[in-house]
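*Asks:* My questions will all concern the structure given below.
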Amino acid sequence: MRRGVSGGLRRLWPWRGRDGSALAEIEAEITAFGEALDVHSFSPGQLGATDEMRAELARALDAYDQAKRDVVGDQMRADSLDVLRTLDEGRHALACLDALIAGRPLPERMPLCFFDARHGRAARQVSWAPPGGTARNLAVCAADAVRLTENPSPITPRQPGPGSRVCAQPREAKPRPPTPTHAPQPQVSGKGGSGEQIHQLKMPSYRPAVMVFSTNGQARVHLRFEGRKGRSSRLYRLSGDGTPITARIPLPEGNKAIAFRVFAAGDREAWTATAAPLREVPRFHDEINGTGSDVVHYRGEPGPGVLHYVGPSLIQLEALDDRLAYWVTVTEGRAGEHAFQWPGRGYYQVRSAGAWSLSAT
């Protein structure tokens with residue numbers, strides 16, 4: 001999945017700031033849904049996965065991609081109603097996926113509020129009649145249902161004023177902000193993780209460096225570095241098929257410590273994060289394979305290559321510069337075989353949620 005979240009926001013939203021709060025709120029809605037997809041634990045290749053589950057995941061991913069296209073396609077004005085309807089479709093797909101995984105009946109899907117789609121999902125059916133018209137049952141949001149109960153007179157659609165917030169769905173109360181560990185450590189360990197706790201890894205004196213994240217047993221883990229002022233940076237899917245993890249992640253320069261959060265499918269699996277030199281990055285000339293996100297060192301010559309991928313969402317192969325910072329995306333795509341050109345020797349980052357292999361042809 002190409003991320004519309006965190007550090008990539010400014011690149012994906014070129015119109016940011018042209019139309020004030022309305023576009024900013026649409027950006028926030030798309031970002032929130034993208035993060036929900038990022039941290040979801042389902043993998044199409046996991047034990048017990050069904051075609052119906054995979055179809056719901058595909059529907060959610062398609063809705064996310066469509067919402068981004070709807071916004072970026074018109075840089076001067078975003079049709080907020082179309083985007084919110086698309087995101088509502090994606091949220092319903094995730095709700096269906098969760099129900100299938102848990103063995104529950106599929107959730108009933110109420111339409112968006114009759115009076116204004118920006119009010120979010122309808123909560124109940126009410127009887128309403130326009131002036132001089134016939135009463136009929138309508139699906140309305142909770143706020144409009146209360147208004148009709150208190151005052152049965154006709155309702156005019158509520159239009160958000162300048163600077164007001166446009167919400168696709170009522171939001172739950174925000175949890176208390178997480179608190180970091182007492183002091184950065186050269187090695188950080190834990191068990192599981194819900195993302196509530198912020199861990200701090202002490203940066204080494206040598207640079208560039210990588211974080212080596214490992215588990216002893218089967219695990220599916222997402223890890224996210226925390227940026228300045230509490231803003232999240234890019235999220236890493238470290239395993240996509242429930243296997244033990246040994247993954248490398250580039251560590252940013254210029255910090256004495258790096259803060260990160262861990263999202264794990266369970267709460268018992270032990271993990272360890274350690275800062276390490278570049279010799280810990282696997283090297284190869286002809287072929288290498290792995291699962292989830294990782295960093296590899298290509299030692300071959302410029303020329304044709306092939307990427308094989310088995311997993312959900314998109315996979316991206318990114319070339320890194322001498323400081324292990326993002327340089328350029330070499331290739332990306334969904335499950336299957338993708339031909340590309342190796343730019344040359346150097347460090348490359350694989351960003352995926354499933355099994356992959358890279359080869360030089």
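We name chains A, B, ... following the order of the structure tokens; residues begin at 1 in each chain, and ligands are numbered from 1 as shown.
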When DSSP works through the backbone of this structure, what residues of range 241-352 of chain A end up as strand (DSSP E), shown as a ChimeraX atom specification?
*Replies:* /A:246-250,257-264,270-276,283-284,287-291,294-298,303-310,315-320,326-333,336-342,346-351
*Asks:* Extract, using only C-alpha atoms, all DNA, RNA and protein residues at most 7 Å from Arg345 in chain A, discarding same-chain residues fewer than 3 positions from it, and format them as a PyMOL selection string.
*Replies:* chain A and resi 298-301
*Asks:* Extract, using only C-alpha atoms, all DNA, RNA and protein residues at most 10 Å from Gly346 in chain A, discarding same-chain residues fewer than 3 positions from it, and format them as an NGL selection string.
*Replies:* :A and (283 or 296-301 or 319-322 or 324 or 342-343)
*Asks:* Quick one: residues within 10 Å of range 196-212 of chain A, only C-alpha atoms counted, chain neighbours fewer than 6 positions away excluded, as a short mmCIF file (atom, residue, chain, number, x, y, z; two decimals) with all heavy atoms, in the first residue's frame?
*Replies:*
```cif
data_model
loop_
_atom_site.label_atom_id
_atom_site.label_comp_id
_atom_site.auth_asym_id
_atom_site.auth_seq_id
_atom_site.Cartn_x
_atom_site.Cartn_y
_atom_site.Cartn_z
N PRO A 175 -7.82 7.99 23.73
CA PRO A 175 -7.15 7.45 24.92
C PRO A 175 -6.10 8.41 25.43
O PRO A 175 -5.65 9.31 24.73
CB PRO A 175 -6.51 6.16 24.38
CG PRO A 175 -6.29 6.42 22.93
CD PRO A 175 -7.45 7.30 22.50
N ARG A 176 -5.71 8.21 26.66
CA ARG A 176 -4.66 9.03 27.21
C ARG A 176 -3.37 8.81 26.44
O ARG A 176 -3.06 7.69 26.03
CB ARG A 176 -4.43 8.67 28.69
CG ARG A 176 -5.57 9.11 29.59
CD ARG A 176 -5.31 8.66 31.01
NE ARG A 176 -5.26 7.21 31.10
CZ ARG A 176 -4.98 6.55 32.21
NH1 ARG A 176 -4.72 7.22 33.32
NH2 ARG A 176 -4.95 5.23 32.22
N PRO A 177 -2.59 9.86 26.22
CA PRO A 177 -1.36 9.70 25.45
C PRO A 177 -0.41 8.74 26.13
O PRO A 177 -0.33 8.69 27.36
CB PRO A 177 -0.77 11.13 25.39
CG PRO A 177 -1.39 11.83 26.55
CD PRO A 177 -2.75 11.23 26.72
N PRO A 178 0.31 7.93 25.33
CA PRO A 178 1.25 6.99 25.93
C PRO A 178 2.43 7.69 26.55
O PRO A 178 2.75 8.83 26.20
CB PRO A 178 1.69 6.14 24.72
CG PRO A 178 1.48 7.02 23.55
CD PRO A 178 0.28 7.87 23.88
N THR A 179 3.09 7.04 27.48
CA THR A 179 4.24 7.62 28.14
C THR A 179 5.47 6.82 27.77
O THR A 179 5.43 5.59 27.65
CB THR A 179 4.08 7.59 29.67
OG1 THR A 179 3.82 6.25 30.08
CG2 THR A 179 2.92 8.47 30.10
N PRO A 180 6.60 7.48 27.54
CA PRO A 180 7.80 6.77 27.13
C PRO A 180 8.42 6.01 28.30
O PRO A 180 8.08 6.21 29.46
CB PRO A 180 8.72 7.88 26.64
CG PRO A 180 8.27 9.09 27.40
CD PRO A 180 6.78 8.92 27.58
N THR A 181 9.36 5.12 27.97
CA THR A 181 10.12 4.45 29.01
C THR A 181 11.01 5.46 29.71
O THR A 181 11.21 6.58 29.23
CB THR A 181 10.96 3.33 28.39
OG1 THR A 181 11.72 3.87 27.31
CG2 THR A 181 10.08 2.22 27.85
N HIS A 182 11.58 5.07 30.86
CA HIS A 182 12.29 6.04 31.69
C HIS A 182 13.53 6.59 31.01
O HIS A 182 13.84 7.77 31.12
CB HIS A 182 12.65 5.40 33.03
CG HIS A 182 11.45 5.04 33.85
ND1 HIS A 182 10.60 5.99 34.36
CD2 HIS A 182 10.96 3.84 34.23
CE1 HIS A 182 9.63 5.40 35.04
NE2 HIS A 182 9.81 4.09 34.97
N ALA A 183 14.27 5.77 30.31
CA ALA A 183 15.51 6.22 29.68
C ALA A 183 15.81 5.35 28.47
O ALA A 183 15.48 4.16 28.46
CB ALA A 183 16.67 6.18 30.67
N PRO A 184 16.44 5.91 27.43
CA PRO A 184 16.80 5.10 26.27
C PRO A 184 17.79 4.01 26.65
O PRO A 184 18.68 4.21 27.49
CB PRO A 184 17.43 6.12 25.32
CG PRO A 184 16.94 7.45 25.80
CD PRO A 184 16.78 7.33 27.27
N GLN A 185 17.66 2.84 26.03
CA GLN A 185 18.53 1.71 26.28
C GLN A 185 19.15 1.23 24.97
O GLN A 185 18.52 1.34 23.92
CB GLN A 185 17.75 0.57 26.93
CG GLN A 185 17.09 0.92 28.26
CD GLN A 185 18.11 1.19 29.35
OE1 GLN A 185 19.20 0.60 29.37
NE2 GLN A 185 17.76 2.09 30.26
N PRO A 186 20.37 0.67 25.00
CA PRO A 186 20.98 0.15 23.77
C PRO A 186 20.25 -1.08 23.24
O PRO A 186 20.38 -1.43 22.07
CB PRO A 186 22.41 -0.19 24.18
CG PRO A 186 22.35 -0.35 25.68
CD PRO A 186 21.28 0.59 26.16
N GLN A 187 19.49 -1.75 24.11
CA GLN A 187 18.65 -2.87 23.69
C GLN A 187 17.33 -2.78 24.44
O GLN A 187 17.31 -2.60 25.65
CB GLN A 187 19.33 -4.20 23.97
CG GLN A 187 18.53 -5.41 23.48
CD GLN A 187 19.24 -6.72 23.73
OE1 GLN A 187 19.15 -7.30 24.82
NE2 GLN A 187 19.97 -7.20 22.73
N VAL A 188 16.23 -2.90 23.71
CA VAL A 188 14.90 -2.80 24.31
C VAL A 188 14.17 -4.11 24.07
O VAL A 188 14.19 -4.65 22.96
CB VAL A 188 14.10 -1.63 23.70
CG1 VAL A 188 12.72 -1.54 24.33
CG2 VAL A 188 14.85 -0.32 23.87
N SER A 189 13.54 -4.62 25.11
CA SER A 189 12.80 -5.87 25.01
C SER A 189 11.38 -5.68 25.52
O SER A 189 11.09 -4.76 26.29
CB SER A 189 13.49 -6.98 25.81
OG SER A 189 14.79 -7.21 25.34
N GLY A 190 10.50 -6.56 25.07
CA GLY A 190 9.12 -6.49 25.51
C GLY A 190 8.37 -7.75 25.13
O GLY A 190 8.93 -8.68 24.55
N ARG A 224 6.26 1.26 14.53
CA ARG A 224 6.19 2.63 14.02
C ARG A 224 7.11 3.53 14.84
O ARG A 224 7.02 3.58 16.07
CB ARG A 224 4.76 3.16 14.11
CG ARG A 224 4.64 4.62 13.62
CD ARG A 224 3.23 5.14 13.79
NE ARG A 224 2.34 4.48 12.89
CZ ARG A 224 1.04 4.26 13.16
NH1 ARG A 224 0.54 4.63 14.31
NH2 ARG A 224 0.28 3.67 12.27
N PHE A 225 7.99 4.24 14.16
CA PHE A 225 8.81 5.25 14.82
C PHE A 225 7.94 6.46 15.13
O PHE A 225 7.05 6.82 14.36
CB PHE A 225 9.97 5.69 13.92
CG PHE A 225 11.04 4.65 13.76
CD1 PHE A 225 11.77 4.56 12.59
CD2 PHE A 225 11.35 3.78 14.79
CE1 PHE A 225 12.76 3.62 12.43
CE2 PHE A 225 12.33 2.82 14.65
CZ PHE A 225 13.04 2.75 13.47
N GLU A 226 8.23 7.10 16.27
CA GLU A 226 7.51 8.31 16.65
C GLU A 226 8.35 9.52 16.28
O GLU A 226 9.51 9.62 16.68
CB GLU A 226 7.22 8.31 18.15
CG GLU A 226 6.21 7.27 18.58
CD GLU A 226 4.84 7.54 17.97
OE1 GLU A 226 4.30 8.64 18.16
OE2 GLU A 226 4.31 6.64 17.29
N ILE A 245 10.50 -13.48 13.50
CA ILE A 245 10.96 -12.27 12.82
C ILE A 245 12.44 -12.03 13.08
O ILE A 245 12.91 -12.16 14.20
CB ILE A 245 10.17 -11.04 13.31
CG1 ILE A 245 8.69 -11.16 12.95
CG2 ILE A 245 10.75 -9.75 12.74
CD1 ILE A 245 7.83 -10.10 13.60
N THR A 246 13.16 -11.69 12.04
CA THR A 246 14.46 -11.04 12.14
C THR A 246 14.48 -10.01 11.02
O THR A 246 14.61 -10.37 9.84
CB THR A 246 15.64 -12.02 11.98
OG1 THR A 246 15.58 -13.00 13.01
CG2 THR A 246 16.96 -11.27 12.10
N ALA A 247 14.32 -8.76 11.38
CA ALA A 247 14.18 -7.70 10.37
C ALA A 247 15.08 -6.52 10.72
O ALA A 247 15.37 -6.27 11.89
CB ALA A 247 12.73 -7.23 10.29
N ARG A 248 15.53 -5.84 9.68
CA ARG A 248 16.35 -4.65 9.84
C ARG A 248 15.57 -3.42 9.39
O ARG A 248 14.87 -3.47 8.38
CB ARG A 248 17.64 -4.76 9.02
CG ARG A 248 18.73 -5.49 9.74
CD ARG A 248 19.12 -6.83 9.27
NE ARG A 248 18.21 -7.63 8.50
CZ ARG A 248 18.17 -8.95 8.63
NH1 ARG A 248 18.92 -9.56 9.53
NH2 ARG A 248 17.38 -9.68 7.88
N ILE A 249 15.72 -2.33 10.15
CA ILE A 249 15.02 -1.08 9.85
C ILE A 249 16.05 0.05 9.90
O ILE A 249 16.80 0.15 10.88
CB ILE A 249 13.90 -0.79 10.87
CG1 ILE A 249 12.93 -1.97 10.94
CG2 ILE A 249 13.16 0.48 10.53
CD1 ILE A 249 11.92 -1.85 12.05
N PRO A 250 16.11 0.93 8.89
CA PRO A 250 17.06 2.05 8.93
C PRO A 250 16.77 2.97 10.11
O PRO A 250 15.62 3.32 10.37
CB PRO A 250 16.82 2.76 7.60
CG PRO A 250 16.16 1.76 6.72
CD PRO A 250 15.34 0.89 7.63
N LEU A 251 17.81 3.35 10.84
CA LEU A 251 17.66 4.29 11.94
C LEU A 251 17.97 5.69 11.45
O LEU A 251 18.97 5.92 10.76
CB LEU A 251 18.61 3.92 13.09
CG LEU A 251 18.22 2.67 13.89
CD1 LEU A 251 19.33 2.32 14.88
CD2 LEU A 251 16.91 2.90 14.62
N PRO A 252 17.13 6.67 11.77
CA PRO A 252 17.36 8.05 11.31
C PRO A 252 18.56 8.67 11.99
O PRO A 252 18.92 8.31 13.12
CB PRO A 252 16.07 8.76 11.71
CG PRO A 252 15.54 7.97 12.85
CD PRO A 252 15.92 6.55 12.59
N GLU A 253 19.18 9.60 11.31
CA GLU A 253 20.33 10.30 11.87
C GLU A 253 19.88 11.53 12.64
O GLU A 253 18.75 12.00 12.49
CB GLU A 253 21.31 10.70 10.76
CG GLU A 253 21.96 9.50 10.08
CD GLU A 253 23.13 9.91 9.21
OE1 GLU A 253 23.35 11.12 9.06
OE2 GLU A 253 23.83 9.02 8.70
N GLY A 254 20.80 12.05 13.46
CA GLY A 254 20.53 13.32 14.13
C GLY A 254 19.83 13.20 15.46
O GLY A 254 19.49 14.21 16.08
N ASN A 255 19.57 12.00 15.96
CA ASN A 255 18.90 11.82 17.24
C ASN A 255 19.79 11.03 18.19
O ASN A 255 20.55 10.16 17.77
CB ASN A 255 17.57 11.08 17.06
CG ASN A 255 16.61 11.86 16.19
OD1 ASN A 255 16.52 13.07 16.27
ND2 ASN A 255 15.89 11.14 15.33
N LYS A 256 19.67 11.33 19.48
CA LYS A 256 20.37 10.55 20.50
C LYS A 256 19.60 9.29 20.86
O LYS A 256 20.16 8.35 21.40
CB LYS A 256 20.61 11.40 21.74
CG LYS A 256 21.56 12.58 21.50
CD LYS A 256 21.79 13.35 22.79
CE LYS A 256 22.76 14.51 22.55
NZ LYS A 256 23.00 15.28 23.80
N ALA A 257 18.29 9.32 20.59
CA ALA A 257 17.45 8.16 20.87
C ALA A 257 16.31 8.17 19.86
O ALA A 257 15.94 9.22 19.33
CB ALA A 257 16.92 8.20 22.30
N ILE A 258 15.76 6.99 19.60
CA ILE A 258 14.64 6.88 18.69
C ILE A 258 13.47 6.26 19.47
O ILE A 258 13.64 5.26 20.16
CB ILE A 258 14.99 6.02 17.45
CG1 ILE A 258 13.82 5.97 16.49
CG2 ILE A 258 15.44 4.63 17.84
CD1 ILE A 258 13.52 7.28 15.82
N ALA A 259 12.31 6.89 19.39
CA ALA A 259 11.12 6.39 20.06
C ALA A 259 10.29 5.58 19.07
O ALA A 259 10.18 5.94 17.90
CB ALA A 259 10.30 7.55 20.61
N PHE A 260 9.70 4.49 19.55
CA PHE A 260 8.90 3.65 18.66
C PHE A 260 7.80 2.96 19.45
O PHE A 260 7.86 2.82 20.67
CB PHE A 260 9.78 2.62 17.94
CG PHE A 260 10.42 1.60 18.84
CD1 PHE A 260 9.84 0.35 19.05
CD2 PHE A 260 11.63 1.88 19.48
CE1 PHE A 260 10.44 -0.59 19.87
CE2 PHE A 260 12.23 0.94 20.31
CZ PHE A 260 11.64 -0.30 20.50
N ARG A 261 6.79 2.51 18.71
CA ARG A 261 5.69 1.76 19.29
C ARG A 261 5.57 0.42 18.58
O ARG A 261 5.88 0.31 17.39
CB ARG A 261 4.38 2.54 19.18
CG ARG A 261 4.32 3.74 20.11
CD ARG A 261 2.90 4.24 20.27
NE ARG A 261 2.53 5.16 19.21
CZ ARG A 261 1.34 5.76 19.15
NH1 ARG A 261 0.42 5.50 20.06
NH2 ARG A 261 1.06 6.59 18.17
N VAL A 262 5.08 -0.58 19.30
CA VAL A 262 4.95 -1.93 18.77
C VAL A 262 3.49 -2.34 18.79
O VAL A 262 2.80 -2.19 19.80
CB VAL A 262 5.79 -2.93 19.59
CG1 VAL A 262 5.55 -4.36 19.11
CG2 VAL A 262 7.27 -2.59 19.49
N PHE A 263 3.02 -2.86 17.65
CA PHE A 263 1.67 -3.40 17.54
C PHE A 263 1.81 -4.88 17.19
O PHE A 263 2.33 -5.22 16.12
CB PHE A 263 0.88 -2.69 16.43
CG PHE A 263 0.79 -1.20 16.60
CD1 PHE A 263 1.83 -0.38 16.19
CD2 PHE A 263 -0.33 -0.62 17.17
CE1 PHE A 263 1.75 1.00 16.33
CE2 PHE A 263 -0.42 0.75 17.32
CZ PHE A 263 0.62 1.56 16.90
N THR A 272 12.81 -8.30 20.78
CA THR A 272 13.99 -7.53 21.15
C THR A 272 14.34 -6.59 20.00
O THR A 272 14.30 -6.98 18.83
CB THR A 272 15.19 -8.45 21.43
OG1 THR A 272 14.86 -9.33 22.49
CG2 THR A 272 16.41 -7.62 21.82
N ALA A 273 14.67 -5.34 20.34
CA ALA A 273 15.11 -4.35 19.36
C ALA A 273 16.49 -3.86 19.76
O ALA A 273 16.70 -3.44 20.91
CB ALA A 273 14.14 -3.18 19.30
N THR A 274 17.45 -3.92 18.82
CA THR A 274 18.83 -3.57 19.10
C THR A 274 19.40 -2.73 17.96
O THR A 274 19.13 -3.01 16.79
CB THR A 274 19.70 -4.84 19.25
OG1 THR A 274 19.09 -5.73 20.18
CG2 THR A 274 21.10 -4.49 19.73
N ALA A 275 20.18 -1.71 18.30
CA ALA A 275 20.90 -0.95 17.28
C ALA A 275 22.12 -1.76 16.83
O ALA A 275 22.80 -2.37 17.65
CB ALA A 275 21.33 0.40 17.83
N ALA A 276 22.36 -1.77 15.51
CA ALA A 276 23.43 -2.60 14.98
C ALA A 276 24.10 -1.93 13.79
O ALA A 276 23.50 -1.10 13.10
CB ALA A 276 22.87 -3.97 14.55
N PRO A 277 25.38 -2.27 13.52
CA PRO A 277 26.08 -1.71 12.35
C PRO A 277 25.59 -2.34 11.06
O PRO A 277 24.85 -3.33 11.05
CB PRO A 277 27.55 -2.07 12.63
CG PRO A 277 27.47 -3.30 13.48
CD PRO A 277 26.24 -3.14 14.33
N LEU A 278 26.05 -1.81 9.94
CA LEU A 278 25.57 -2.25 8.63
C LEU A 278 26.00 -3.67 8.28
O LEU A 278 25.41 -4.27 7.38
CB LEU A 278 26.07 -1.29 7.54
CG LEU A 278 25.50 0.13 7.61
CD1 LEU A 278 25.99 0.95 6.43
CD2 LEU A 278 23.98 0.11 7.64
N ARG A 279 26.97 -4.21 8.98
CA ARG A 279 27.36 -5.60 8.67
C ARG A 279 26.25 -6.59 9.01
O ARG A 279 26.30 -7.75 8.59
CB ARG A 279 28.64 -5.97 9.43
CG ARG A 279 28.53 -5.96 10.93
CD ARG A 279 29.81 -6.50 11.57
NE ARG A 279 29.77 -6.43 13.04
CZ ARG A 279 30.23 -5.42 13.75
NH1 ARG A 279 30.79 -4.38 13.12
NH2 ARG A 279 30.16 -5.42 15.06
N GLU A 280 25.25 -6.16 9.78
CA GLU A 280 24.12 -7.02 10.10
C GLU A 280 23.13 -7.12 8.94
O GLU A 280 22.23 -7.96 8.97
CB GLU A 280 23.40 -6.50 11.34
CG GLU A 280 24.24 -6.52 12.61
CD GLU A 280 24.55 -7.94 13.05
OE1 GLU A 280 23.75 -8.85 12.75
OE2 GLU A 280 25.60 -8.14 13.71
N VAL A 281 23.26 -6.27 7.94
CA VAL A 281 22.34 -6.30 6.80
C VAL A 281 22.76 -7.43 5.85
O VAL A 281 23.93 -7.51 5.46
CB VAL A 281 22.36 -4.95 6.05
CG1 VAL A 281 21.49 -5.01 4.80
CG2 VAL A 281 21.87 -3.84 6.97
N ASP A 294 12.20 -5.25 5.34
CA ASP A 294 13.59 -5.55 5.69
C ASP A 294 14.50 -4.65 4.86
O ASP A 294 14.06 -3.98 3.93
CB ASP A 294 13.91 -7.03 5.43
CG ASP A 294 15.04 -7.55 6.30
OD1 ASP A 294 15.69 -6.73 6.98
OD2 ASP A 294 15.26 -8.77 6.32
N VAL A 295 15.79 -4.66 5.22
CA VAL A 295 16.83 -3.96 4.45
C VAL A 295 17.82 -4.99 3.94
O VAL A 295 18.22 -5.89 4.69
CB VAL A 295 17.55 -2.91 5.32
CG1 VAL A 295 18.71 -2.28 4.55
CG2 VAL A 295 16.58 -1.82 5.76
N ASP A 322 23.45 6.88 0.97
CA ASP A 322 24.55 6.46 1.83
C ASP A 322 24.21 6.56 3.31
O ASP A 322 24.88 5.94 4.15
CB ASP A 322 25.80 7.29 1.54
CG ASP A 322 26.37 7.02 0.15
OD1 ASP A 322 26.06 5.93 -0.39
OD2 ASP A 322 27.08 7.88 -0.38
N ARG A 323 23.19 7.35 3.65
CA ARG A 323 22.78 7.49 5.06
C ARG A 323 21.58 6.60 5.38
O ARG A 323 20.97 6.75 6.42
CB ARG A 323 22.43 8.95 5.35
CG ARG A 323 23.62 9.91 5.20
CD ARG A 323 23.18 11.34 5.42
NE ARG A 323 22.17 11.73 4.44
CZ ARG A 323 21.46 12.85 4.50
NH1 ARG A 323 21.64 13.68 5.52
NH2 ARG A 323 20.59 13.15 3.55
N LEU A 324 21.23 5.70 4.47
CA LEU A 324 20.07 4.81 4.59
C LEU A 324 18.75 5.57 4.59
O LEU A 324 17.74 5.09 5.10
CB LEU A 324 20.15 3.95 5.86
CG LEU A 324 21.32 2.96 5.95
CD1 LEU A 324 21.13 2.04 7.14
CD2 LEU A 324 21.46 2.15 4.68
N ALA A 325 18.76 6.76 4.02
CA ALA A 325 17.52 7.52 3.86
C ALA A 325 16.90 7.18 2.51
O ALA A 325 17.59 6.80 1.56
CB ALA A 325 17.79 9.02 3.95
#
```
*Asks:* Out of A:Pro130, A:Gly193, A:Pro304, A:Pro44, which residue has the shortest atom-to-atom distance to Leu358 in chain A when counting only C-alpha atoms?
*Replies:*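 Of A:Pro130, A:Gly193, A:Pro304, A:Pro44, the one nearest Leu358 in chain A is A:Pro304, counting only C-alpha atoms.
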*Asks:* Grab the CA of Ala219 in chain A to CA of Ser41 in chain A distance for me, in Å with one decimal place.
*Replies:*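 Going from CA of Ala219 in chain A over to CA of Ser41 in chain A, I get 10.3 Å.
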*Asks:* Measuring between only C-alpha atoms, which one of A:Ala353, A:Ala143, A:Leu100, A:Ala270 shows the shortest distance to Phe213 in chain A?
*Replies:* A:Ala270
